[in-house]
file coords.cif (mmCIF, C-alpha atoms)
data_run
loop_
_atom_site.label_atom_id
_atom_site.label_comp_id
_atom_site.auth_asym_id
_atom_site.auth_seq_id
_atom_site.Cartn_x
_atom_site.Cartn_y
_atom_site.Cartn_z
CA MET A 1 -24.26 145.20 31.43
CA THR A 2 -21.95 147.58 33.30
CA THR A 3 -18.94 146.82 35.46
CA GLU A 4 -20.90 148.28 38.37
CA THR A 5 -23.62 145.68 37.82
CA ALA A 6 -21.03 142.87 37.67
CA ALA A 7 -19.71 144.05 41.03
CA ALA A 8 -23.26 144.07 42.39
CA LEU A 9 -23.76 140.46 41.23
CA ARG A 10 -20.51 139.48 42.95
CA ARG A 11 -21.69 141.08 46.19
CA HIS A 12 -25.03 139.31 45.88
CA LEU A 13 -23.26 135.97 45.41
CA VAL A 14 -21.12 136.63 48.48
CA GLU A 15 -24.23 137.42 50.53
CA GLN A 16 -25.76 134.15 49.34
CA LEU A 17 -22.66 132.16 50.36
CA VAL A 18 -22.60 133.84 53.78
CA GLU A 19 -26.27 132.97 54.32
CA GLU A 20 -25.53 129.35 53.33
CA ASP A 21 -22.73 129.23 55.92
CA LEU A 22 -20.08 128.63 53.22
CA LEU A 23 -18.09 131.82 53.66
CA HIS A 24 -16.94 133.48 56.89
CA ASP A 25 -13.41 134.87 56.57
CA PRO A 26 -13.39 138.65 55.85
CA GLU A 27 -10.35 138.38 53.56
CA LEU A 28 -11.99 135.69 51.48
CA ARG A 29 -15.19 137.71 51.33
CA ARG A 30 -13.16 140.60 49.95
CA ALA A 31 -11.53 138.26 47.43
CA ALA A 32 -14.91 136.94 46.31
CA GLU A 33 -16.17 140.49 45.82
CA THR A 34 -13.02 141.43 43.86
CA VAL A 35 -12.19 138.57 41.48
CA PRO A 36 -14.15 138.80 38.18
CA ARG A 37 -15.37 135.26 37.51
CA GLU A 38 -16.47 136.30 34.01
CA THR A 39 -12.80 136.65 33.07
CA PHE A 40 -12.10 133.07 34.09
CA LEU A 41 -15.22 131.64 32.52
CA GLY A 42 -13.70 132.71 29.22
CA SER A 43 -15.46 133.02 25.91
CA ALA A 44 -17.52 129.82 26.00
CA ILE A 45 -18.85 127.05 28.24
CA TYR A 46 -20.62 123.73 27.75
CA LYS A 47 -24.23 123.64 28.95
CA PRO A 48 -25.52 120.17 29.92
CA SER A 49 -28.80 118.55 29.05
CA ASP A 50 -29.97 115.14 30.16
CA PRO A 51 -31.99 113.12 27.66
CA PRO A 52 -32.72 109.57 28.93
CA GLY A 53 -29.54 107.60 29.49
CA VAL A 54 -26.86 110.13 28.58
CA THR A 55 -25.63 113.67 29.22
CA VAL A 56 -24.97 115.79 26.16
CA TRP A 57 -23.20 119.14 26.05
CA THR A 58 -23.96 122.22 24.01
CA PRO A 59 -21.17 124.80 23.47
CA THR A 60 -22.49 128.22 24.48
CA ARG A 61 -20.42 131.20 23.38
CA ARG A 62 -20.32 134.48 25.21
CA ASP A 63 -20.74 136.48 22.00
CA ASP A 64 -24.02 134.65 21.27
CA VAL A 65 -25.60 135.48 24.65
CA PRO A 66 -26.85 138.92 25.80
CA ALA A 67 -24.31 140.51 28.14
CA ASP A 68 -26.68 140.70 31.11
CA GLU A 69 -27.70 137.05 30.69
CA TRP A 70 -24.04 135.95 30.53
CA LEU A 71 -23.20 137.79 33.75
CA ARG A 72 -26.21 136.35 35.56
CA LEU A 73 -25.07 132.89 34.41
CA THR A 74 -21.52 133.69 35.57
CA TYR A 75 -22.55 134.61 39.11
CA GLN A 76 -24.74 131.63 39.77
CA ASN A 77 -23.19 129.34 42.37
CA THR A 78 -22.87 126.68 39.68
CA THR A 79 -20.14 124.60 38.08
CA TRP A 80 -19.71 125.31 34.37
CA VAL A 81 -17.81 122.81 32.23
CA THR A 82 -15.20 124.44 30.00
CA GLN A 83 -13.56 121.40 28.38
CA ILE A 84 -14.88 118.04 27.13
CA ASP A 85 -12.41 115.26 26.31
CA GLY A 86 -9.66 117.85 25.99
CA VAL A 87 -11.62 120.20 23.69
CA LEU A 88 -12.23 123.69 25.09
CA ALA A 89 -15.77 125.00 24.62
CA GLU A 90 -14.55 127.89 22.45
CA ASP A 91 -12.85 125.39 20.11
CA ALA A 92 -15.83 123.02 19.78
CA THR A 93 -16.97 122.45 16.19
CA ASP A 94 -20.09 120.38 16.91
CA SER A 95 -23.31 122.00 18.10
CA VAL A 96 -23.93 119.12 20.52
CA THR A 97 -21.47 116.59 21.89
CA GLY A 98 -21.22 113.70 24.31
CA GLY A 99 -18.05 112.91 26.22
CA THR A 100 -16.46 113.41 29.59
CA PRO A 101 -15.69 116.77 31.25
CA THR A 102 -11.95 117.33 31.61
CA SER A 103 -11.91 120.90 32.98
CA SER A 104 -14.45 123.21 34.56
CA SER A 105 -15.09 126.36 36.54
CA THR A 106 -16.17 124.85 39.86
CA LEU A 107 -18.98 126.56 41.71
CA PRO A 108 -17.47 129.47 43.69
CA GLY A 109 -19.08 128.38 46.96
CA VAL A 110 -17.11 125.12 47.01
CA ILE A 111 -13.85 126.80 45.97
CA LEU A 112 -14.09 129.49 48.64
CA TRP A 113 -15.20 127.05 51.33
CA MET A 114 -12.22 124.77 50.61
CA ILE A 115 -9.81 127.70 50.65
CA GLU A 116 -11.25 128.76 54.00
CA GLN A 117 -11.08 125.20 55.39
CA ALA A 118 -7.37 125.12 54.48
CA GLY A 119 -6.72 128.05 56.82
CA THR A 120 -5.56 130.39 54.09
CA ALA A 121 -4.18 133.58 55.63
CA ARG A 122 -1.63 136.27 54.84
CA GLY A 123 1.98 135.19 55.32
CA LYS A 124 1.35 131.59 54.21
CA ARG A 125 2.50 129.88 51.02
CA ALA A 126 0.04 127.77 49.03
CA LEU A 127 0.14 125.19 46.28
CA ILE A 128 -3.01 124.81 44.16
CA ILE A 129 -3.36 121.49 42.32
CA GLY A 130 -5.76 121.60 39.39
CA ALA A 131 -5.73 125.27 38.42
CA GLY A 132 -8.53 124.71 35.91
CA THR A 133 -9.78 128.09 34.71
CA GLY A 134 -7.56 129.93 37.23
CA LEU A 135 -10.45 131.17 39.40
CA SER A 136 -9.32 129.38 42.58
CA THR A 137 -5.76 130.64 42.02
CA ALA A 138 -7.03 134.21 41.72
CA TYR A 139 -8.90 133.93 45.02
CA VAL A 140 -5.76 132.65 46.73
CA CYS A 141 -3.66 135.41 45.16
CA GLU A 142 -6.02 138.00 46.62
CA VAL A 143 -5.44 136.64 50.14
CA LEU A 144 -1.81 135.45 50.07
CA GLY A 145 -0.35 137.57 47.30
CA GLU A 146 0.84 136.20 43.97
CA ASP A 147 4.42 135.69 45.25
CA ASN A 148 3.09 133.16 47.77
CA THR A 149 0.83 131.34 45.30
CA THR A 150 1.86 128.41 43.11
CA ALA A 151 -0.59 126.54 40.89
CA ILE A 152 -0.32 123.46 38.66
CA GLU A 153 -2.54 122.41 35.76
CA THR A 154 -1.93 119.16 33.90
CA ASN A 155 -3.72 120.03 30.65
CA PRO A 156 -1.63 122.38 28.47
CA ALA A 157 -4.62 124.03 26.79
CA ALA A 158 -6.38 124.62 30.11
CA ALA A 159 -3.13 125.89 31.67
CA GLU A 160 -2.61 128.41 28.88
CA ARG A 161 -6.22 129.53 29.13
CA ALA A 162 -5.84 129.99 32.90
CA ARG A 163 -2.56 131.88 32.47
CA LYS A 164 -4.17 134.36 30.08
CA ALA A 165 -7.21 134.84 32.33
CA LEU A 166 -5.03 135.45 35.39
CA ALA A 167 -2.97 138.02 33.51
CA GLU A 168 -6.11 139.74 32.22
CA ALA A 169 -7.44 139.94 35.80
CA GLY A 170 -4.11 141.36 37.01
CA TYR A 171 -2.52 138.32 38.69
CA ALA A 172 0.90 136.75 38.02
CA PRO A 173 1.34 133.72 40.30
CA THR A 174 3.68 130.86 39.48
CA LEU A 175 1.62 128.63 37.18
CA ILE A 176 3.15 125.30 36.13
CA THR A 177 1.96 122.97 33.39
CA GLY A 178 2.51 119.44 34.68
CA ASP A 179 1.34 116.61 36.91
CA GLY A 180 -0.05 118.22 40.04
CA LEU A 181 0.36 115.02 42.05
CA ARG A 182 4.11 115.54 41.83
CA GLY A 183 3.76 119.00 43.35
CA HIS A 184 6.39 121.61 42.58
CA PRO A 185 9.41 121.11 44.88
CA GLU A 186 11.22 124.15 43.48
CA ARG A 187 8.78 126.42 45.37
CA ALA A 188 8.43 124.24 48.47
CA PRO A 189 7.93 124.14 51.38
CA TYR A 190 4.24 125.07 51.42
CA ASP A 191 1.99 125.86 54.35
CA ILE A 192 -1.11 124.82 52.41
CA VAL A 193 -1.93 122.42 49.58
CA ILE A 194 -5.43 122.49 48.09
CA ALA A 195 -6.37 120.04 45.35
CA PHE A 196 -9.21 120.79 42.96
CA CYS A 197 -9.05 117.28 41.56
CA SER A 198 -9.59 113.89 43.19
CA MET A 199 -6.94 111.33 44.14
CA ARG A 200 -6.99 107.65 45.16
CA HIS A 201 -4.32 108.35 47.76
CA ILE A 202 -2.00 111.22 48.77
CA PRO A 203 1.38 110.95 47.03
CA TYR A 204 4.20 110.82 49.58
CA GLY A 205 6.35 113.09 47.44
CA LEU A 206 3.63 115.73 47.69
CA LEU A 207 3.45 115.44 51.48
CA ARG A 208 7.19 115.99 51.74
CA GLN A 209 6.72 119.43 50.16
CA VAL A 210 4.49 120.60 53.05
CA LYS A 211 5.84 122.13 56.26
CA GLU A 212 5.35 120.33 59.55
CA GLY A 213 1.97 121.53 60.82
CA GLY A 214 0.90 122.46 57.29
CA THR A 215 -2.52 121.66 55.87
CA VAL A 216 -3.60 119.52 52.93
CA VAL A 217 -7.20 119.67 51.68
CA VAL A 218 -7.99 117.05 49.04
CA THR A 219 -10.88 114.96 47.76
CA LEU A 220 -10.23 111.23 47.97
CA ALA A 221 -12.06 109.24 45.32
CA GLY A 222 -11.80 106.03 43.37
CA TRP A 223 -13.12 103.83 40.63
CA GLY A 224 -16.33 103.19 42.57
CA PHE A 225 -17.19 106.90 42.14
CA GLY A 226 -17.18 107.61 45.87
CA HIS A 227 -15.82 111.00 46.99
CA GLY A 228 -14.80 112.38 50.37
CA LEU A 229 -13.11 115.69 51.19
CA VAL A 230 -10.44 115.37 53.89
CA ARG A 231 -8.35 117.96 55.75
CA LEU A 232 -4.96 116.74 56.95
CA THR A 233 -2.26 118.17 59.18
CA VAL A 234 1.24 117.13 58.16
CA ASP A 235 3.57 115.76 60.85
CA ASP A 236 7.36 115.52 61.10
CA GLN A 237 7.48 111.78 60.42
CA GLY A 238 6.58 111.82 56.73
CA GLY A 239 2.87 111.40 57.37
CA ALA A 240 -0.32 113.27 58.16
CA SER A 241 -3.69 112.82 59.82
CA GLY A 242 -7.12 114.43 59.89
CA ARG A 243 -10.83 114.00 59.41
CA PHE A 244 -13.22 114.14 56.50
CA LEU A 245 -15.24 117.34 56.18
CA PRO A 246 -19.02 117.81 56.09
CA GLY A 247 -20.92 118.18 52.85
CA TYR A 248 -20.75 116.54 49.45
CA THR A 249 -17.72 117.52 47.37
CA SER A 250 -16.52 115.80 44.22
CA PHE A 251 -13.94 116.63 41.56
CA MET A 252 -12.66 115.06 38.36
CA MET A 253 -10.06 112.38 38.99
CA ALA A 254 -6.39 113.26 38.54
CA ARG A 255 -5.31 111.85 35.18
CA THR A 256 -2.72 109.46 36.62
CA HIS A 257 -5.19 108.07 39.19
CA ASP A 258 -8.11 107.53 36.81
CA ARG A 259 -9.51 104.06 36.17
CA PRO A 260 -7.87 101.99 33.43
CA PRO A 261 -9.60 101.98 30.07
CA HIS A 262 -11.42 98.86 28.94
CA GLY A 263 -13.60 97.81 26.06
CA PRO A 264 -16.91 95.98 26.18
CA PHE A 265 -17.09 93.29 28.83
CA GLU A 266 -19.24 90.22 29.32
CA LEU A 267 -20.93 89.29 32.57
CA LEU A 268 -19.91 85.67 33.03
CA PRO A 269 -21.27 82.87 35.24
CA GLY A 270 -19.93 82.54 38.76
CA GLU A 271 -20.68 81.56 42.32
CA GLN A 272 -24.19 82.58 43.35
CA ARG A 273 -25.59 83.24 46.82
CA SER A 274 -27.85 85.60 48.76
CA SER A 275 -26.50 89.08 49.52
CA ARG A 276 -26.27 90.08 53.17
CA ILE A 277 -26.86 93.75 52.34
CA ASP A 278 -29.24 95.75 50.19
CA PRO A 279 -27.15 96.65 47.11
CA ALA A 280 -28.85 100.06 47.04
CA ALA A 281 -26.62 100.99 50.01
CA LEU A 282 -24.02 101.78 47.33
CA ASP A 283 -26.25 104.56 46.00
CA ASP A 284 -25.83 106.45 49.29
CA TRP A 285 -23.01 109.04 49.23
CA SER A 286 -21.18 107.58 52.23
CA GLY A 287 -22.16 103.97 51.55
CA ARG A 288 -20.63 104.21 48.08
CA PHE A 289 -17.38 105.53 49.54
CA VAL A 290 -17.27 102.72 52.10
CA ALA A 291 -17.82 100.10 49.39
CA GLN A 292 -15.03 101.68 47.37
CA LEU A 293 -12.67 101.42 50.35
CA ALA A 294 -13.39 97.70 50.50
CA ALA A 295 -12.90 97.05 46.78
CA PRO A 296 -10.52 99.79 45.61
CA SER A 297 -9.53 98.10 42.35
CA ALA A 298 -13.11 97.65 41.16
CA GLU A 299 -15.03 99.94 38.84
CA ARG A 300 -18.66 100.31 39.92
CA LEU A 301 -21.51 100.21 37.42
CA GLY A 302 -25.25 99.91 37.85
CA LEU A 303 -27.74 101.28 40.37
CA GLY A 304 -30.16 100.17 43.04
CA ALA A 305 -30.60 96.43 43.33
CA GLU A 306 -28.53 95.82 40.19
CA GLN A 307 -24.95 96.75 41.02
CA ILE A 308 -21.92 95.61 39.01
CA LEU A 309 -18.32 95.60 40.22
CA LEU A 310 -15.62 94.96 37.63
CA ASP A 311 -11.90 94.49 38.29
CA VAL A 312 -10.09 94.81 34.97
CA ALA A 313 -6.70 93.58 36.19
CA THR A 314 -7.88 90.23 37.58
CA GLY A 315 -11.12 89.75 35.67
CA SER A 316 -13.02 89.55 38.96
CA GLN A 317 -16.70 90.45 38.81
CA ALA A 318 -19.64 90.82 41.16
CA ARG A 319 -23.21 91.61 40.17
CA THR A 320 -26.42 91.78 42.15
CA ARG A 321 -30.12 91.53 41.35
CA PRO A 322 -33.39 91.06 43.22
CA ALA A 323 -33.92 87.48 44.33
CA GLU A 324 -36.28 85.48 42.14
CA ASN A 325 -38.64 84.84 45.04
CA GLY A 326 -38.90 88.59 45.65
CA GLU A 327 -37.23 88.37 49.05
CA GLY A 328 -33.77 89.91 49.31
CA TRP A 329 -31.06 90.00 46.66
CA THR A 330 -28.79 87.61 44.83
CA VAL A 331 -25.10 88.16 44.13
CA VAL A 332 -22.99 86.38 41.52
CA GLN A 333 -19.19 86.54 41.94
CA ARG A 334 -16.40 85.39 39.67
CA GLY A 335 -12.63 85.60 39.79
CA PRO A 336 -9.86 85.57 42.41
CA LEU A 337 -11.17 88.66 44.27
CA LYS A 338 -14.41 88.16 46.16
CA LEU A 339 -15.45 91.75 45.60
CA TRP A 340 -18.92 91.57 47.12
CA ASP A 341 -17.67 89.72 50.22
CA ALA A 342 -15.38 92.66 50.99
CA VAL A 343 -18.12 95.20 50.24
CA GLU A 344 -20.59 93.42 52.53
CA ASP A 345 -18.13 93.41 55.44
CA ALA A 346 -17.39 97.11 55.05
CA VAL A 347 -20.99 98.24 54.55
CA GLU A 348 -22.14 96.19 57.55
CA ALA A 349 -19.48 97.82 59.74
CA TRP A 350 -20.71 101.23 58.56
CA GLN A 351 -24.36 100.34 59.10
CA ASN A 352 -23.62 98.94 62.57
CA ALA A 353 -22.15 102.36 63.44
CA GLY A 354 -25.42 104.03 62.41
CA SER A 355 -24.61 104.70 58.71
CA PRO A 356 -22.88 108.02 59.48
CA HIS A 357 -21.79 110.67 57.00
CA LEU A 358 -18.14 110.66 55.98
CA SER A 359 -17.46 113.44 58.49
CA GLU A 360 -17.35 110.61 61.06
CA PHE A 361 -14.36 109.13 59.23
CA GLY A 362 -10.69 110.05 59.38
CA LEU A 363 -7.40 109.32 57.62
CA THR A 364 -4.01 108.48 59.08
CA ILE A 365 -0.94 108.48 56.83
CA THR A 366 2.36 106.97 57.94
CA PRO A 367 5.46 106.23 55.84
CA ASP A 368 4.14 102.67 55.51
CA ALA A 369 0.42 103.00 54.79
CA GLN A 370 -2.60 105.27 54.33
CA ARG A 371 -5.57 104.13 56.39
CA VAL A 372 -9.15 105.43 56.46
CA TRP A 373 -10.92 104.75 59.76
CA LEU A 374 -14.44 105.04 61.09
CA GLY A 375 -15.14 106.88 64.34
CA THR A 376 -11.69 106.80 65.94
CA PRO A 377 -8.24 105.73 64.71
CA ASP A 378 -8.69 102.35 66.42
CA GLY A 379 -12.12 101.79 64.81
CA PRO A 380 -12.87 99.79 61.64
CA SER A 381 -10.37 100.76 58.96
CA TRP A 382 -9.39 100.21 55.34
CA LEU A 383 -6.12 100.76 53.49
CA LEU A 384 -5.94 103.08 50.51
CA PRO A 385 -4.36 101.67 47.32
CA VAL A 386 -0.91 103.28 47.56
#
call {"tool": "encode", "arguments": {"input": "coords.cif", "output": "structure tokens"}}
result
Amino acid sequence: MTTETAAALRRHLVEQLVEEDLLHDPELRRAAETVPRETFLGSAIYKPSDPPGVTVWTPTRRDDVPADEWLRLTYQNTTWVTQIDGVLAEDATDSVTGGTPTSSSTLPGVILWMIEQAGTARGKRALIIGAGTGLSTAYVCEVLGEDNTTAIETNPAAAERARKALAEAGYAPTLITGDGLRGHPERAPYDIVIAFCSMRHIPYGLLRQVKEGGTVVVTLAGWGFGHGLVRLTVDDQGGASGRFLPGYTSFMMARTHDRPPHGPFELLPGEQRSSRIDPAALDDWSGRFVAQLAAPSAERLGLGAEQILLDVATGSQARTRPAENGEGWTVVQRGPLKLWDAVEDAVEAWQNAGSPHLSEFGLTITPDAQRVWLGTPDGPSWLLPV
């Protein structure tokens, strides 16, 4: 397939994103029509399939796919996984594998929308956390210029892959291999920080690298697998504030904020009572995030009426099931943390407010605490685990 056709596919994708109200800024539209995603997708990806109970991944190499098919795949508004458990798709030796994605080429619509929400414009300096394949960094370079663009990638193999792809596409930003949550003070201060990974809280050292009035766009997440994208304006007191954005955005957790590993666990006896809420509220996008705010140290397992919360550090557990009489639900709790008590209180506060989307929530950061609130800053609130 010709370069002209690749350009036509890029223009078609841009038109799609404009129609979906994801892309408005003329400079970003130009960037999206210019940056060759096929360069950043590299020589192979993992394609998912979902047999019952597990996701498996099949390495798919560019050389094994007709050129026109590969380009059509490239310019879908789709996330393609490029690394599983630290193994790049081009280095995979098995024809099918399980495992956890550790790097990907996020769907362009989300990348461009986040860059636009951050207020990216010429004359500003940006820090990109989670460079991944380098695609987001290339978009930012097109708008800000490579001298004003700094990116960080924690995985050395992914960072090297991104560095080569950026060079091949004609970009030479500052690309650091390291922990993105530490930022890169040598290039600070920044007007904009955009994170393409999730965090449990915003590191204070990162905030101090942003100018007063600067913008931070980051997905807050946790061990309950709730995600919320927030846009913050940094103040002159060492803090920031802002609201969560519309939509449904999730990213892989930053390595240093990921849940602690654990082996097999046993569900043990505990105190039993009726649940005040339908456990399936935790399957809702916003309800899950609210529950996570209430029990930030708990990993969430299960679905529907059968939820499990597990706190590795204290051994606390909570599990729910339908009541034996068929009316309502039963919860069993064990350990020093009454996990389900806290979840019930939070979910009821959310439901009493009309069960709104996370865009009705906000975040206030001071030097002492980071607090998510519902409705207004003086509404119901929960502290992030800083």
call {"tool": "closest_residue", "arguments": {"input": "coords.cif", "among": "A:Ser136, A:Thr177, A:Ser297, A:Gln237", "to": "Ala342 (chain A)", "atoms": "only C-alpha atoms"}}
result
A:Ser297
call {"tool": "closest_residue", "arguments": {"input": "coords.cif", "among": "A:Thr233, A:Thr154, A:Ser198, A:Thr376", "to": "Lys211 (chain A)", "atoms": "only C-alpha atoms"}}
result
A:Thr233
call {"tool": "resolve_selection", "arguments": {"input": "coords.cif", "expression": "the PyMOL selection byres ((chain A and resi 82) around 12)", "output": "JSON, numbers by chain"}}
result
{"A": [40, 41, 42, 43, 44, 45, 46, 47, 48, 57, 58, 59, 60, 61, 79, 80, 81, 83, 84, 85, 86, 87, 88, 89, 90, 91, 92, 100, 101, 102, 103, 104, 105, 106, 132, 133, 134, 157, 158, 161, 162]}
call {"tool": "residues_around", "arguments": {"input": "coords.cif", "residues": "Val290 (chain A)", "least_positions_apart": "5", "cutoff": "12 Å", "atoms": "all atoms listed in the file", "output": "VMD selection string"}}
result
chain A and resid 220 to 222 224 to 228 281 to 285 295 to 296 342 to 351 355 to 358 360 to 361 372 to 374 380 to 384
call {"tool": "write_last_selection", "arguments": {"input": "coords.cif", "atoms": "C-alpha atoms", "output": "PDB file, keeping the file's coordinate frame"}}
result
ATOM      1  CA  LEU A 220     -10.230 111.230  47.970  1.00  0.00           C
ATOM      2  CA  ALA A 221     -12.060 109.240  45.320  1.00  0.00           C
ATOM      3  CA  GLY A 222     -11.800 106.030  43.370  1.00  0.00           C
ATOM      4  CA  GLY A 224     -16.330 103.190  42.570  1.00  0.00           C
ATOM      5  CA  PHE A 225     -17.190 106.900  42.140  1.00  0.00           C
ATOM      6  CA  GLY A 226     -17.180 107.610  45.870  1.00  0.00           C
ATOM      7  CA  HIS A 227     -15.820 111.000  46.990  1.00  0.00           C
ATOM      8  CA  GLY A 228     -14.800 112.380  50.370  1.00  0.00           C
ATOM      9  CA  ALA A 281     -26.620 100.990  50.010  1.00  0.00           C
ATOM     10  CA  LEU A 282     -24.020 101.780  47.330  1.00  0.00           C
ATOM     11  CA  ASP A 283     -26.250 104.560  46.000  1.00  0.00           C
ATOM     12  CA  ASP A 284     -25.830 106.450  49.290  1.00  0.00           C
ATOM     13  CA  TRP A 285     -23.010 109.040  49.230  1.00  0.00           C
ATOM     14  CA  ALA A 295     -12.900  97.050  46.780  1.00  0.00           C
ATOM     15  CA  PRO A 296     -10.520  99.790  45.610  1.00  0.00           C
ATOM     16  CA  ALA A 342     -15.380  92.660  50.990  1.00  0.00           C
ATOM     17  CA  VAL A 343     -18.120  95.200  50.240  1.00  0.00           C
ATOM     18  CA  GLU A 344     -20.590  93.420  52.530  1.00  0.00           C
ATOM     19  CA  ASP A 345     -18.130  93.410  55.440  1.00  0.00           C
ATOM     20  CA  ALA A 346     -17.390  97.110  55.050  1.00  0.00           C
ATOM     21  CA  VAL A 347     -20.990  98.240  54.550  1.00  0.00           C
ATOM     22  CA  GLU A 348     -22.140  96.190  57.550  1.00  0.00           C
ATOM     23  CA  ALA A 349     -19.480  97.820  59.740  1.00  0.00           C
ATOM     24  CA  TRP A 350     -20.710 101.230  58.560  1.00  0.00           C
ATOM     25  CA  GLN A 351     -24.360 100.340  59.100  1.00  0.00           C
ATOM     26  CA  SER A 355     -24.610 104.700  58.710  1.00  0.00           C
ATOM     27  CA  PRO A 356     -22.880 108.020  59.480  1.00  0.00           C
ATOM     28  CA  HIS A 357     -21.790 110.670  57.000  1.00  0.00           C
ATOM     29  CA  LEU A 358     -18.140 110.660  55.980  1.00  0.00           C
ATOM     30  CA  GLU A 360     -17.350 110.610  61.060  1.00  0.00           C
ATOM     31  CA  PHE A 361     -14.360 109.130  59.230  1.00  0.00           C
ATOM     32  CA  VAL A 372      -9.150 105.430  56.460  1.00  0.00           C
ATOM     33  CA  TRP A 373     -10.920 104.750  59.760  1.00  0.00           C
ATOM     34  CA  LEU A 374     -14.440 105.040  61.090  1.00  0.00           C
ATOM     35  CA  PRO A 380     -12.870  99.790  61.640  1.00  0.00           C
ATOM     36  CA  SER A 381     -10.370 100.760  58.960  1.00  0.00           C
ATOM     37  CA  TRP A 382      -9.390 100.210  55.340  1.00  0.00           C
ATOM     38  CA  LEU A 383      -6.120 100.760  53.490  1.00  0.00           C
ATOM     39  CA  LEU A 384      -5.940 103.080  50.510  1.00  0.00           C
TER      40      LEU A 384
END
call {"tool": "axis_aligned_box", "arguments": {"input": "coords.cif", "around": "region 279-288 of chain A", "padding_each_side": "6 Å", "output": "AutoDock Vina command-line options"}}
result
--center_x -24.7 --center_y 102.8 --center_z 49.1 --size_x 20.2 --size_y 24.4 --size_z 18.2
call {"tool": "closest_residue", "arguments": {"input": "coords.cif", "among": "A:Leu268, A:Ala305, A:Leu73, A:Leu175", "to": "Gly326 (chain A)", "atoms": "only C-alpha atoms"}}
result
A:Ala305
call {"tool": "resolve_selection", "arguments": {"input": "coords.cif", "expression": "the PyMOL selection byres ((chain A and resi 123) around 8)", "output": "number ranges by chain"}}
result
A: 121-122, 124-125, 144, 148
call {"tool": "closest_residue", "arguments": {"input": "coords.cif", "among": "A:Leu166, A:Leu309, A:Val110, A:Leu363", "to": "Ala131 (chain A)", "atoms": "only C-alpha atoms"}}
result
A:Leu166
call {"tool": "atom_distance", "arguments": {"input": "coords.cif", "atom1": "CA of Ile308 (chain A)", "atom2": "CA of Gly247 (chain A)"}}
result
26.5 Å
call {"tool": "atom_distance", "arguments": {"input": "coords.cif", "atom1": "CA of Ala118 (chain A)", "atom2": "CA of Asp179 (chain A)"}}
result
21.4 Å
call {"tool": "closest_residue", "arguments": {"input": "coords.cif", "among": "A:Thr249, A:Thr74, A:Thr150, A:Ser241", "to": "Ala6 (chain A)", "atoms": "only C-alpha atoms"}}
result
A:Thr74
call {"tool": "resolve_selection", "arguments": {"input": "coords.cif", "expression": "the PyMOL selection byres ((chain A and resi 141) around 12)", "output": "PyMOL selection string"}}
result
chain A and resi 27-28+30-32+34-35+115+120-128+134-140+142-151+166-167+169-175
call {"tool": "write_last_selection", "arguments": {"input": "coords.cif", "atoms": "C-alpha atoms", "output": "compact mmCIF listing (two decimals), in the coordinates of the input"}}
result
# COMPACT_ATOMS: atom_id res chain seq x y z
CA GLU A 27 -10.35 138.38 53.56
CA LEU A 28 -11.99 135.69 51.48
CA ARG A 30 -13.16 140.60 49.95
CA ALA A 31 -11.53 138.26 47.43
CA ALA A 32 -14.91 136.94 46.31
CA THR A 34 -13.02 141.43 43.86
CA VAL A 35 -12.19 138.57 41.48
CA ILE A 115 -9.81 127.70 50.65
CA THR A 120 -5.56 130.39 54.09
CA ALA A 121 -4.18 133.58 55.63
CA ARG A 122 -1.63 136.27 54.84
CA GLY A 123 1.98 135.19 55.32
CA LYS A 124 1.35 131.59 54.21
CA ARG A 125 2.50 129.88 51.02
CA ALA A 126 0.04 127.77 49.03
CA LEU A 127 0.14 125.19 46.28
CA ILE A 128 -3.01 124.81 44.16
CA GLY A 134 -7.56 129.93 37.23
CA LEU A 135 -10.45 131.17 39.40
CA SER A 136 -9.32 129.38 42.58
CA THR A 137 -5.76 130.64 42.02
CA ALA A 138 -7.03 134.21 41.72
CA TYR A 139 -8.90 133.93 45.02
CA VAL A 140 -5.76 132.65 46.73
CA GLU A 142 -6.02 138.00 46.62
CA VAL A 143 -5.44 136.64 50.14
CA LEU A 144 -1.81 135.45 50.07
CA GLY A 145 -0.35 137.57 47.30
CA GLU A 146 0.84 136.20 43.97
CA ASP A 147 4.42 135.69 45.25
CA ASN A 148 3.09 133.16 47.77
CA THR A 149 0.83 131.34 45.30
CA THR A 150 1.86 128.41 43.11
CA ALA A 151 -0.59 126.54 40.89
CA LEU A 166 -5.03 135.45 35.39
CA ALA A 167 -2.97 138.02 33.51
CA ALA A 169 -7.44 139.94 35.80
CA GLY A 170 -4.11 141.36 37.01
CA TYR A 171 -2.52 138.32 38.69
CA ALA A 172 0.90 136.75 38.02
CA PRO A 173 1.34 133.72 40.30
CA THR A 174 3.68 130.86 39.48
CA LEU A 175 1.62 128.63 37.18
call {"tool": "residues_around", "arguments": {"input": "coords.cif", "residues": "Leu13 (chain A)", "least_positions_apart": "4", "cutoff": "9 Å", "atoms": "all atoms listed in the file", "output": "mmCIF file with C-alpha atoms, keeping the file's coordinate frame"}}
result
data_model
loop_
_atom_site.group_PDB
_atom_site.id
_atom_site.type_symbol
_atom_site.label_atom_id
_atom_site.label_comp_id
_atom_site.auth_asym_id
_atom_site.auth_seq_id
_atom_site.Cartn_x
_atom_site.Cartn_y
_atom_site.Cartn_z
ATOM 1 C CA ALA A 8 -23.260 144.070 42.390
ATOM 2 C CA LEU A 9 -23.760 140.460 41.230
ATOM 3 C CA LEU A 17 -22.660 132.160 50.360
ATOM 4 C CA VAL A 18 -22.600 133.840 53.780
ATOM 5 C CA ALA A 32 -14.910 136.940 46.310
ATOM 6 C CA GLU A 33 -16.170 140.490 45.820
ATOM 7 C CA TYR A 75 -22.550 134.610 39.110
ATOM 8 C CA GLN A 76 -24.740 131.630 39.770
ATOM 9 C CA ASN A 77 -23.190 129.340 42.370
ATOM 10 C CA PRO A 108 -17.470 129.470 43.690
ATOM 11 C CA GLY A 109 -19.080 128.380 46.960
#
